There are 8 protein chains.
Amino acid sequence: MADVKRILQEVQAGRLDIERASELLQATSKLDYATLDLERAERTGFPEVVYGAGKSVEQLIGIMERLREHQELVLVTRVNDNQAQHVQERWPDIQYEKEAALLISSREPLKPVREGYVAVVAAGTSDWSVAQEAAWTVRCFGSEARVIADVGVAGIHRLFERLEEIRGASVVVCVAGMEGALASVLAGLVDIPVIAVPTSVGYGANFGGVSALLSMLNSCATGVAVVNIDNGFGAGYMAGMIHRCSTK
Amino acid sequence: MADVKRILQEVQAGRLDIERASELLQATSKLDYATLDLERAERTGFPEVVYGAGKSVEQLIGIMERLREHQELVLVTRVNDNQAQHVQERWPDIQYEKEAALLISSREPLKPVREGYVAVVAAGTSDWSVAQEAAWTVRCFGSEARVIADVGVAGIHRLFERLEEIRGASVVVCVAGMEGALASVLAGLVDIPVIAVPTSVGYGANFGGVSALLSMLNSCATGVAVVNIDNGFGAGYMAGMIHRCSTK
Amino acid sequence: MADVKRILQEVQAGRLDIERASELLQATSKLDYATLDLERAERTGFPEVVYGAGKSVEQLIGIMERLREHQELVLVTRVNDNQAQHVQERWPDIQYEKEAALLISSREPLKPVREGYVAVVAAGTSDWSVAQEAAWTVRCFGSEARVIADVGVAGIHRLFERLEEIRGASVVVCVAGMEGALASVLAGLVDIPVIAVPTSVGYGANFGGVSALLSMLNSCATGVAVVNIDNGFGAGYMAGMIHRCSTK
Amino acid sequence: MADVKRILQEVQAGRLDIERASELLQATSKLDYATLDLERAERTGFPEVVYGAGKSVEQLIGIMERLREHQELVLVTRVNDNQAQHVQERWPDIQYEKEAALLISSREPLKPVREGYVAVVAAGTSDWSVAQEAAWTVRCFGSEARVIADVGVAGIHRLFERLEEIRGASVVVCVAGMEGALASVLAGLVDIPVIAVPTSVGYGANFGGVSALLSMLNSCATGVAVVNIDNGFGAGYMAGMIHRCSTK
Amino acid sequence: MADVKRILQEVQAGRLDIERASELLQATSKLDYATLDLERAERTGFPEVVYGAGKSVEQLIGIMERLREHQELVLVTRVNDNQAQHVQERWPDIQYEKEAALLISSREPLKPVREGYVAVVAAGTSDWSVAQEAAWTVRCFGSEARVIADVGVAGIHRLFERLEEIRGASVVVCVAGMEGALASVLAGLVDIPVIAVPTSVGYGANFGGVSALLSMLNSCATGVAVVNIDNGFGAGYMAGMIHRCSTK
Amino acid sequence: MADVKRILQEVQAGRLDIERASELLQATSKLDYATLDLERAERTGFPEVVYGAGKSVEQLIGIMERLREHQELVLVTRVNDNQAQHVQERWPDIQYEKEAALLISSREPLKPVREGYVAVVAAGTSDWSVAQEAAWTVRCFGSEARVIADVGVAGIHRLFERLEEIRGASVVVCVAGMEGALASVLAGLVDIPVIAVPTSVGYGANFGGVSALLSMLNSCATGVAVVNIDNGFGAGYMAGMIHRCSTK
Amino acid sequence: MADVKRILQEVQAGRLDIERASELLQATSKLDYATLDLERAERTGFPEVVYGAGKSVEQLIGIMERLREHQELVLVTRVNDNQAQHVQERWPDIQYEKEAALLISSREPLKPVREGYVAVVAAGTSDWSVAQEAAWTVRCFGSEARVIADVGVAGIHRLFERLEEIRGASVVVCVAGMEGALASVLAGLVDIPVIAVPTSVGYGANFGGVSALLSMLNSCATGVAVVNIDNGFGAGYMAGMIHRCSTK
Amino acid sequence: MADVKRILQEVQAGRLDIERASELLQATSKLDYATLDLERAERTGFPEVVYGAGKSVEQLIGIMERLREHQELVLVTRVNDNQAQHVQERWPDIQYEKEAALLISSREPLKPVREGYVAVVAAGTSDWSVAQEAAWTVRCFGSEARVIADVGVAGIHRLFERLEEIRGASVVVCVAGMEGALASVLAGLVDIPVIAVPTSVGYGANFGGVSALLSMLNSCATGVAVVNIDNGFGAGYMAGMIHRCSTK
C-alpha cells in the first residue's frame with residue numbers, strides 16, 4: 001500500500017492534480033496485483049513452473065532464459081531427453097533428473113533449509129518415475145525428501161519394515177497405481193497428512209489410473225487427500241507447502 | 001442313455017415302427033436334458049435358488065411350495081421382513097436369517113458334511129449383511145463358514161490378529177466397500193483363493209460399489225477373483241463349490 | 001515395549017518357562033497393536049469417529065456409551081434429527097450441530113488449543129452444511145475454524161472482500177458444488193494448502209458432484225488436494241491435521 | 001417464390017399444360033430448397049465450410065476449386081502443413097493460418113464490416129490454437145476479433161488487467177482446458193453472452209476435455225453456453241452470428 | 001470512480017489525512033465492486049435470481065422481501081405449489097407460472113420493451129415445462145417469447161409448418177429430450193443463433209438427458225451452443241441477452 | 001398432388017389470380033404434409049401411439065377421445081392401474097393389458113391378418129412385462145405373437161426344447177436382462193432377424209440395463225439389432241413391421 | 001433326421017446291434033449339429049465370414065483356401081491394401097472393394113436374385129466407408145443395394161430430394177456419425193424398418209461414436225433398431241436378411 | 001517361532017541381557033515376515049513373477065539372474081520377441097511361449113504333479129493368446145491344462161461337442177471377448193468353478209473389454225468369478241490354486 005500513500009502525499013502537497021491521481025491509483029492497483037504476485041513468489045521460494053511437454057526446444061530455452069533472470073530457481077516438468085540435452089548444452093550447470101523428467105535450474109545447490117523430511121512412498125517399481133517427480137519438487141521447496149519404494153500391499157511386510165521411517169516424516173506422499181490400496185493402509189498406520197497420487201500403472205479395467213483414483217478418494221482411513229493421476233509435481237508441491245508451514 | 005437303448009430294443013423286437021421311434025428319440029433327448037439337470041441338482045446339493053426381491057407373498061409361497069416337494073433344500077435370497085413373516089406363518093420350521101435377508105427351508109438341520117471351513121472376511125460393520133449372505137450360502141453347501149468382521153485396512157492390526165484363523169481356511173470370501181483395499185492386502189497374506197465381493201457401502205465418488213469393484217479387479221496381489229457388487233450369494237456359492245472340490 | 005521387557009525379566013528370573021513366555025510374547029504383540037492404537041488416539045486427540053447414517057438409535061447409544069468411557073471426545077457424523085433427539089435425551093450435555101449433522105460429546109468444552117485458524121470457504125449457500133461439517137471437525141481437533149460462505153466465483157468481488165481473512169489462515173478448506181471453480185481461483189490467490197471438497201450441489205450434467213470433483217482434480221493452480229464428494233468431515237480432518245503440525 | 005409465379009403466369013397464358021406445370025412446380029420446390037440455401041449463403045456471408053482433416057490433397061483441391069467458383073469466401077478447417085503447402089502452390093493468394101490450422105480463400109481481403117468486436121479469451125498458452133481458430137472464424141464473418149490470451153484463473157490478476165477490453169466486446173468466446181473455471185469467472189464479470197469452448201488441454205482425470213466441458217455446463221454464473229470440445233470454429237461461428245445480429 | 005475523486009479532493013483540500021484516506025480508498029474499492037454489481041443489475045434489468053428448490057417457505061419469503069426492496073423484478077426458479085401458495089398469500093400481486101415453476105415479482109407488468117422476439121421451440125409435449133421456464137425468463141428480460149411446441153423430428157412436417165415463424169425470430173431456444181435431434185435439424189434451417197437445452201425426457205439409455213446433451217454438442221449443423229440439462233432458465237437468460245444486444 | 005392440379009386448372013380457366021394461387025399452393029404444400037401423414041397412418045395400421053407415463057387421467061382421456069374419433073386403433077403405453085381404471089370406466093370396451101402396462105382401444109377385435117408369427121423370447125421371469133409389451137404391440141400390427149419365456153442361458157436345455165417353435169417364426173424379439181447372453185446364443189441358432197431388447201433386470205454392476213445393452217450390441221453372432229433398454233414397444237413395432245413386409 | 005431313421009432301419013433289420021446303434025445315435029446328433037449348420041449356410045447363401053483385421057497374409061490365404069473349397073461365396077471384412085494385394089496375387093478373380101475394405105470371392109458374379117432393393121443412406125461423406133461395407137454385404141445376400149450419401153440433417157433439403165427413392169426400398173440402413181440425428185428424421189418419414197449404424201465420425205464429446213449410438217437408441221421415431229458402432233457389415237447382414245424374407 | 005525360543009533360552013541362561021534381547025525380538029519379527037514369505041513361496045511352488053512389459057533387456061536379465069538363484073521356477077509375463085531373444089541368448093534352456101508372451105525358466109521340465117486338469121475354454125480364435133497365458137500359468141503350478149478353443153456361442157454346437165471334456169476338469173477358465181456370453185452358458189452347463197477372463201477383443205461399443213467384463217459380472221448363472229480384462233495370468237493363477245487344493 002506504499003504507492004497509494006505516496007500518491008496521496010503528492011495530492012496533499014498539491015503536486016498532483018486529481019484526474020492524474022485517479023489514473024495513477026487505478027494503475028497502482030493493477031501493479032499491486034503483479035507486485036503481490038512477485039512478493040509471493042519470493043516468499044514461497046516457488047515461482048512460476050514450466051510445463052515442458054509439447055514445447056519446442058526454442059520455446060523452452062526462450063522461456064527459461066527469461067525466468068532465470070528473475071528467479072533463483074526454475075523448474076521444468078515433463079521434459080524428454082532431447083529437450084534436456086539441448087538445454088544442458090546451453091546451460092551446462094542445469095540439473096537433469098531423467099527419471100523424474102525434470103530440469104532444475106538453481107543458483108544455489110538444492111539443500112534442505114528446514115528440519116524434518118517428507119516421505120515419498122511408492123507401491124511398485126513402476127510408480128518410480130512419479131515418485132521421483134514428487135521428491136524433487138519437495139527438494140525444490142527446500143525440504144528433504146526420502147523415497148521409500150516398492151512397498152505395495154501385495155507383500156505388506158515390506159511396508160512394515162519401513163514404517164518407522166515413514167512415521168518420522170512430517171507429511172507423506174503416497175504413490176500407487178493398480179488398485180491404489182496403499183493409501184488407505186498407510187493412512188491407517190500414521191498420524192500425519194497423506195497426499196495420495198494415483199498413477200496410470202496397470203491395465204484392463206484400470207482405465208488409465210481411474211481405478212486408483214477412486215480408491216484413494218474412497219479411502220476408509222481418514223487423513224488422505226488426492227491429486228490428479230500421475231501428478232507427482234502437484235503432490236510434491238502440496239507436501240512441500242505443508243512441510244514448510246509445519247516448521248515455520 | 002437308458003431310454004435310448006429301450007427304444008432301440010423295441011425297434012429290434014419289431015414292437016415299434018421307425019416313424020414313432022424317431023419321434024420318441026427326439027422327445028427322449030429333451031427329457032435327457034431335464035434329467036441331466038435334476039441329476040446335477042442332486043449331485044451338487046444346490047438346486048434352484050429363488051430370488052425373493054419383487055415377488056409377492058403369494059408368488060413366493062407358490063414357488064416355494066413346488067420346490068419343497070422336490071428339493072431337500074430351498075434357499076430364497078433378498079427377502080424382506082414382510083415376506084419372511086408370511087412364509088413362516090405358512091411353514092413355521094423355515095429359518096429366516098434376517099441379517100442375510102435369506103429364507104432357508106431344509107429337511108435336515110444344516111450342518112457341515114466335510115472338514116475345513118470357508119472364511120468370510122468383512123472390512124466394516126456395514127458389510128455385515130453381505131457377509132452373512134455369503135456365509136449362509138456356504139452353510140447351505142454343507143460347509144462350515146466363519147465370519148471375521150470389522151478387519152478393514154484402516155486399522156490393519158485387527159486383520160493381523162485374525163490372520164491365523166483366515167489362513168486356516170480352504171478359501172476366503174472377502175467383503176469390502178469404499179475402496180475395497182482389503183482384497184489386495186488379504187491376497188498378499190494368504191495362499192488360498194480369495195473370492196472378492198465389492199459392496200455398495202460408501203458415498204460420493206463410490207458410485208454404488210464401482211470404486212471397490214475396480215479396486216478388486218485391479219488387485220496388485222494374485223489369487224483374487226471378483227463377483228458382482230453386493231453379491232454375497234454368488235461369492236458364497238463360488239466358495240462353497242471350491243471348498244467342496246477341495247475335500248472330494 | 002514395556003510388556004516385552006517384563007516378560008524377559010520373568011524369564012531371566014526363572015519365574016517363567018520358555019513355552020509360556022513364547023505364548024505371552026505372541027499375545028503381547030497383539031496387545032501391542034491395540035496399545036499403539038490407543039496411544040495414537042490420545043496423541044492425536046482424535047479417537048474413533050462414529051458414522052451415524054443407517055444406525056438405529058439403540059446401536060448409536062450403545063456405541064457412544066462404550067466410547068464415552070474411553071475417549072475425551074466422541075464425534076458422530078451424518079446424524080439426523082431423530083437420532084440426535086434420542087441421544088440428547090440420554091445425555092443432555094451432548095452438543096448437536098444440526099446444520100453439520102454432527103453430535104459432539106466432549107468432556108471439556110471445545111476451544112482452540114493452538115494459535116492460528118483454518119479458513120473454511122464455501123461457494124454457495126447450498127454448500128453450507130458440508131462447510132459446517134468441516135468446520136466442526138476442525139474444532140474437534142482443537143483448532144479455530146472460520147467459515148467464510150457465499151463467495152462463489154459468479155460474483156468474484158465477494159471473494160476479494162474476504163481475501164485478507166482467508167490469507168491469514170494456516171490452511172484452507174474450499175467447499176464448492178456445480179463447476180467447483182472456486183478451488184482453482186482460491187489456490188491462485190493464497191500460498192497455503194487448499195483442501196478441496198466437491199459437493200453434490202447442482203443438477204443436470206453435474207452427476208452428483210462429479211463435475212466439481214473433476215474440476216478440482218484438474219485445477220490449473222497448484223497447491224490443491226481433493227477429498228471425496230460432500231466429505232466435509234474428511235476435509236476438516238485433513239485440515240486439522242495440517243494445522244496441528246504447523247504449530248507443533 | 002419467383003419461379004412459382006412465372007409458372008402460374010405461363011399456365012394462365014395457356015402456354016403450359018397442367019401436367020407439365022404440376023411437374024415443374026414439384027421440381028421448383030426442390031430447386032427452391034437449394035435456392036433458399038444459396039440465398040442464405042449469400043446473405044450470411046458464410047457458405048459451406050470444408051473440414052480438412054483426413055482429406056487427400058487431391059480431394060481438398062477438387063472441393064476448393066468448385067467452391068471458389070461460387071463463393072466469395074472458402075474456409076477450410078483442421079488443415080495440416082502438407083495440405084496447406086500444396087493448396088498454396090496451386091493458389092498462392094490463399095491465406096494459411098498455421099496456428100489456427102485454417103486455410104482462407106477470400107476474393108476480398110478480410111476486414112471488419114461492422115462496428116464492435118468479439119473478444120476471444122484464452123486461459124492458457126496451450127489453448128492458443130483453439131482460440132486462433134475461433135478468432136479467424138469470427139473474422140471470416142466480417143467482424144473484428146481480439147484475442148486475449150493467458151488469463152487463466154491461477155493468476156486472476158491477469159484477467160482483471162484485461163477486463164475493460166473484454167467488457168467492451170459484444171460477445172465473448174472463452175477458451176479453457178483443465179478445469180475450465182475461466183468461463184464461470186468471466187460470466188460473473190461481464191453482461192454479454194459468453195460462448196465457452198472446453199479444450200482437451202490437461203492430463204490425468206481430464207479425460208480429453210470432459211472435465212472442462214462439465215465445468216462449463218455447470219457454470220454457477222448465468223450467460224454461458226457451450227460448444228463441443230476443441231471446437232474453436234463452432235464457437236467463432238456462434239459468436240460471429242451473435243455479433244452480426246447485434247449490429248443489424 | 002466518483003468516490004475516489006471525492007476522497008482525493010478532500011485530501012487536496014487538507015480536510016482528510018493520508019492514513020484515513022488510504023483506509024477510505026480501500027473501503028471504496030470494496031464498495032466499488034458492489035456498486036459496479038448494482039449498476040450492472042440496473043443496466044441489464046436482470047438482478048439476482050433466487051433458486052427456489054430446497055428452500056423453506058420462511059427462507060424464501062425472507063430472501064424475496066429483501067430483494068423486492070432493491071429490485072424492480074424478482075425471479076424465483078424451481079418453485080413448487082406449496083411455496084407458491086405461501087408466497088402469494090404474503091404478496092397477492094406476485095405471478096406464479098405453475099408450468100414453468102417460476103414466481104415473478106415485478107413492479108410493472110411484464111411487456112416487451114424492444115422489437116422482435118425469441119422463438120422457444122420444443123420437440124415434444126414432455127419438454128413443455130422446460131420451454132415455459134425459458135420463455136418466461138426471456139419475458140423477464142423485456143423481450144417477447146413465442147413458444148412453438150410439439151414439433152419434434154418424428155413428424156418433421158410439423159416443424160416445416162412453423163418454420164416461417166421460427167425464422168422470423170432473433171434467436172431460437174431449442175428444447176428437446178430423447179435423442180435431441182431437433183437442434184441439428186433446426187440449426188440447418190435457420191441463420192440465427194440456436195441455444196439448445198437438452199431435457200431429461202426419455203428412458204433406458206437416455207441417462208437423464210445425457211443422450212440429448214451429447215447430440216446437441218455434436219451437432220453436424222453450425223450455429224448451436226448448449227446449456228445444461230433441463231436448464232430452461234439458463235437458455236432463456238442467454239437468449240434474452242442475445243436478443244437485447246441485437247436491438248441495442 | 002390432386003389439389004395442385006385443381007389450383008392450376010382454376011388459374012388456366014382464369015378463375016384464380018396468380019397472387020392468390022401462389023398463396024394457395026403454399027398452403028397446399030402444408031396440407032400435403034399432413035395428408036401424407038394421415039395416409040401413412042391408414043396404410044401402416046399404426047397411427048399415433050400415446051405414452052401414458054406422467055399424464056393425468058384427464059389428459060389421457062382427452063387425448064384418447066380425439067384419437068378414437070380418427071383412428072381404428074389407439075394404443076397407450078406405460079399405463080398404471082389407476083389410469084387404466086378411469087379409462088375403462090369411461091369406455092368399458094377398452095382392453096387393459098396389465099402385465100404389459102398397455103391400454104388397447106380397437107374398433108375390431110385384434111386378430112392376425114397375415115400368416116406366420118413373431119416369436120417373443122424372454123430370458124427370465126423378470127423380463128415378462130417387457131416381453132408382453134412387445135407381444136401386444138405385434139398383435140396391434142395384425143400379426144400373431146407367441147411368447148416363449150424363461151429360456152435364459154443359465155439352463156440352456158430349456159431354450160433347445162423351444163427351438164423349433166422359435167425357428168418357425170418370421171422374426172424374433174429377444175428380451176433379456178442381466179448379461180443379455182440370450183441374444184447371441186439365439187442369433188447363432190436361427191436364420192431370421194433378431195430384435196434384441198435389453199432389460200434393466202439385474203443389480204450391482206448391471207447399471208440399469210447397460211450391461212445387457214452392451215452385450216447385445218457386441219453380439220458375436222450376426223443378425224442382431226438392438227432397441228433401447230426396456231423398450232418392448234419399440235421392439236414389437238420393429239418386429240411387426242418386418243413381419244408385415246415379409247408377407248406382403 | 002435322415003441318419004436317425006437309417007440307423008433305426010438297420011436295427012429293425014437286425015443288421016446293427018443296440019450298443020453300436022446307441023453310439024451311432026450319439027455321434028449322429030453331434031454330426032447333426034454340424035450338418036444343420038452347413039444346411040443353414042447353403043440355405044442362407046451366407047456362410048462363414050472372415051474378419052480380416054489383425055490376420056497375417058499367410059493366415060488369411062490359408063483360411064480363404066479352405067473356405068473357397070466349400071463355399072460359393074467367401075466374404076472377408078476389414079481388409080487393408082497389403083492383405084488385398086497378396087490375396088489378389090494368389091487369386092486374381094477375387095474382388096477387392098477398397099472403400100468398403102472388403103474382399104469378395106464369389107464363384108458367380110454378384111447380382112440381385114430378388115426384386116426390390118435396400119437403401120443405404122449416409123449422413124456425411126465421412127460415413128462413406130461404413131455405408132459401402134453395408135451395401136456390399138447386402139449385395140452378397142443377393143439383393144440390390146442403393147447408396148444415397150451426403151444427406152445429413154444439416155441441409156435437410158438434400159434428404160427430401162432423395163426421399164422417394166428411399167421410400168421405394170424394402171428396408172433402410174441409416175449410417176450417421178456426430179449426433180446421428182438422421183436416423184430419427186428418416187424413421188419419421190418412412191414406414192419400412194430402419195437399421196441404424198452409428199459411426200465414430202466426429203470429435204470432442206463424440207466419444208468414438210457413443211454420441212450417435214445413444215441418439216439412435218433414443219430415437220423419438222419408432223421403427224429403428226441399432227447395430228454396433230461402425231458395424232456396416234452387421235447392418236448390411238440384418239438388412240439383407242429382412243429383405244430376403246420380405247420377398248420369400 | 002524357533003528364533004524366539006532361542007532368544008528366550010539365552011535370556012533364561014543369563015547369556016543375553018534384556019535390552020539386547022528386546023532388540024533381537026524386534027528384529028526377529030521383521031525377519032519372520034520375510035522368512036514366512038520365502039516359506040510361502042517354497043510351499044506354493046509359485047514364487048515372485050516378473051511383469052516383462054516396459055522393462056529393458058538389461059533390467060530383465062538382471063532380475064531373472066537374481067531370481068534363478070533362489071527359485072526353482074521363474075515366470076516372466078508380457079514378454080516381446082526382442083526381450084525373449086536376448087534372454088534366450090543368455091540362457092538357452094529358457095522356454096519362450098510366444099503366443100502366451102511368457103518366458104519360463106524351470107530347473108525341472110514342467111509336468112503335472114497331480115491328477116485331474118484345468119480346462120481353458122476360449123470363445124474365439126482371437127482369444128487364443130490370453131488362453132495360452134492362462135494355460136501355461138496353470139502348468140507352472142504343476143497342473144495339467146487343456147485348451148479348448150473356438151467354442152463361442154455364435155455356433156453353440158461346437159461347445160456341446162467338447163462339453164464332456166470340459167465337465168471332466170476340476171475348474172474351468174473361460175476366456176471370451178465381445179459380449180462374453182460364453183461364461184454364462186458354460187456356468188449353466190457345469191458344476192465346477194468357472195474363472196472368467198474378459199478379453200479386449202471386439203470393437204465399437206466394446207470399450208476395450210468392458211462389455212465382456214460387465215457380462216461376466218452379471219452372469220445369470222451361478223458359479224462364476226471374474227478377473228481383470230486380458231488377465232490370463234491371473235485366471236491361470238486362480239485356477240491353479242483351486243486345482244491344487246482340490247487334490248490336496
# chains A, B, ... in the order shown; residues from 1 in each chain; ligands from 1
$ interface_residues --of "chain E" --to "chain G" --cutoff "10 Å" --atoms "only C-alpha atoms" --output "number ranges by chain"
E: 123-124, 152-157, 177-189, 202-207, 210-222
$ select_by_dssp --residues "segment 96-138 of chain D" --states "helix (DSSP H, G or I)" --output "number ranges by chain"
D: 125-138
$ residues_around --residues "segment 131-145 of chain E" --least-positions-apart "6" --cutoff "6 Å" --atoms "only C-alpha atoms" --output "PyMOL selection string"
chain E and resi 100+112-113+117-119+232-233+236+240
$ select_by_dssp --residues "segment 18-212 of chain A" --states "strand (DSSP E)" --output "MDAnalysis selection string"
chainID A and resid 50:51 73:77 95:97 102:106 117:122 144:148 171:176 194:198
$ residues_around --residues "Ser106 of chain F" --least-positions-apart "3" --cutoff "10 Å" --atoms "only C-alpha atoms" --output "list in words"
Arg68, Gln71, Glu72, Leu73, Val74, Leu75, Asp93, Ile94, Gln95, Leu103, Pro109, Leu110 and Cys140 of chain F
$ write_last_selection --atoms "N, CA, C and O atoms" --output "PDB file, in the first residue's frame"
ATOM      1  N   ARG F  68     -59.577 -41.574 -30.806  1.00  0.00           N
ATOM      2  CA  ARG F  68     -60.576 -42.607 -31.094  1.00  0.00           C
ATOM      3  C   ARG F  68     -61.512 -42.195 -32.241  1.00  0.00           C
ATOM      4  O   ARG F  68     -62.066 -43.054 -32.934  1.00  0.00           O
ATOM      5  N   GLN F  71     -58.991 -42.794 -35.469  1.00  0.00           N
ATOM      6  CA  GLN F  71     -58.167 -43.984 -35.628  1.00  0.00           C
ATOM      7  C   GLN F  71     -58.944 -45.245 -35.248  1.00  0.00           C
ATOM      8  O   GLN F  71     -59.635 -45.261 -34.223  1.00  0.00           O
ATOM      9  N   GLU F  72     -58.768 -46.258 -36.055  1.00  0.00           N
ATOM     10  CA  GLU F  72     -59.338 -47.579 -35.762  1.00  0.00           C
ATOM     11  C   GLU F  72     -58.815 -48.111 -34.432  1.00  0.00           C
ATOM     12  O   GLU F  72     -59.499 -48.731 -33.654  1.00  0.00           O
ATOM     13  N   LEU F  73     -57.512 -47.841 -34.244  1.00  0.00           N
ATOM     14  CA  LEU F  73     -56.799 -48.421 -33.122  1.00  0.00           C
ATOM     15  C   LEU F  73     -56.073 -47.330 -32.355  1.00  0.00           C
ATOM     16  O   LEU F  73     -55.417 -46.486 -32.960  1.00  0.00           O
ATOM     17  N   VAL F  74     -56.216 -47.351 -31.036  1.00  0.00           N
ATOM     18  CA  VAL F  74     -55.436 -46.432 -30.205  1.00  0.00           C
ATOM     19  C   VAL F  74     -54.676 -47.261 -29.178  1.00  0.00           C
ATOM     20  O   VAL F  74     -55.279 -48.050 -28.445  1.00  0.00           O
ATOM     21  N   LEU F  75     -53.359 -47.067 -29.136  1.00  0.00           N
ATOM     22  CA  LEU F  75     -52.520 -47.816 -28.200  1.00  0.00           C
ATOM     23  C   LEU F  75     -51.913 -46.834 -27.200  1.00  0.00           C
ATOM     24  O   LEU F  75     -51.345 -45.821 -27.589  1.00  0.00           O
ATOM     25  N   ASP F  93     -65.264 -50.830 -23.149  1.00  0.00           N
ATOM     26  CA  ASP F  93     -64.791 -51.786 -24.156  1.00  0.00           C
ATOM     27  C   ASP F  93     -63.280 -51.821 -24.308  1.00  0.00           C
ATOM     28  O   ASP F  93     -62.728 -52.690 -24.985  1.00  0.00           O
ATOM     29  N   ILE F  94     -62.604 -50.855 -23.680  1.00  0.00           N
ATOM     30  CA  ILE F  94     -61.137 -50.800 -23.868  1.00  0.00           C
ATOM     31  C   ILE F  94     -60.450 -51.913 -23.091  1.00  0.00           C
ATOM     32  O   ILE F  94     -60.816 -52.215 -21.958  1.00  0.00           O
ATOM     33  N   GLN F  95     -59.432 -52.477 -23.728  1.00  0.00           N
ATOM     34  CA  GLN F  95     -58.711 -53.625 -23.182  1.00  0.00           C
ATOM     35  C   GLN F  95     -57.501 -53.143 -22.382  1.00  0.00           C
ATOM     36  O   GLN F  95     -56.713 -52.341 -22.871  1.00  0.00           O
ATOM     37  N   LEU F 103     -52.946 -49.983 -22.720  1.00  0.00           N
ATOM     38  CA  LEU F 103     -54.378 -49.876 -22.986  1.00  0.00           C
ATOM     39  C   LEU F 103     -54.566 -49.981 -24.496  1.00  0.00           C
ATOM     40  O   LEU F 103     -53.860 -49.311 -25.261  1.00  0.00           O
ATOM     41  N   PRO F 109     -62.071 -56.491 -32.868  1.00  0.00           N
ATOM     42  CA  PRO F 109     -61.195 -57.321 -32.020  1.00  0.00           C
ATOM     43  C   PRO F 109     -59.875 -57.575 -32.751  1.00  0.00           C
ATOM     44  O   PRO F 109     -59.852 -57.789 -33.963  1.00  0.00           O
ATOM     45  N   LEU F 110     -58.756 -57.532 -31.983  1.00  0.00           N
ATOM     46  CA  LEU F 110     -57.445 -57.812 -32.571  1.00  0.00           C
ATOM     47  C   LEU F 110     -57.386 -59.262 -33.021  1.00  0.00           C
ATOM     48  O   LEU F 110     -57.673 -60.165 -32.238  1.00  0.00           O
ATOM     49  N   CYS F 140     -51.106 -55.654 -32.211  1.00  0.00           N
ATOM     50  CA  CYS F 140     -51.765 -54.452 -32.735  1.00  0.00           C
ATOM     51  C   CYS F 140     -51.424 -54.244 -34.207  1.00  0.00           C
ATOM     52  O   CYS F 140     -52.134 -53.546 -34.926  1.00  0.00           O
TER      53      CYS F 140
END
$ residues_around --residues "Met238 of chain B" --least-positions-apart "2" --cutoff "7 Å" --atoms "only C-alpha atoms" --output "list in words"
Gly234, Ala235, Gly236, Gly240, Met241 and Ile242 of chain B; Pro193, Gly223 and Val224 of chain H
$ residues_around --residues "Val175 of chain C" --least-positions-apart "6" --cutoff "7 Å" --atoms "only C-alpha atoms" --output "list in words"
Val121, Ala122, Ala123, Asp127, Ala131, Ala196, Val197, Pro198 and Thr199 of chain C
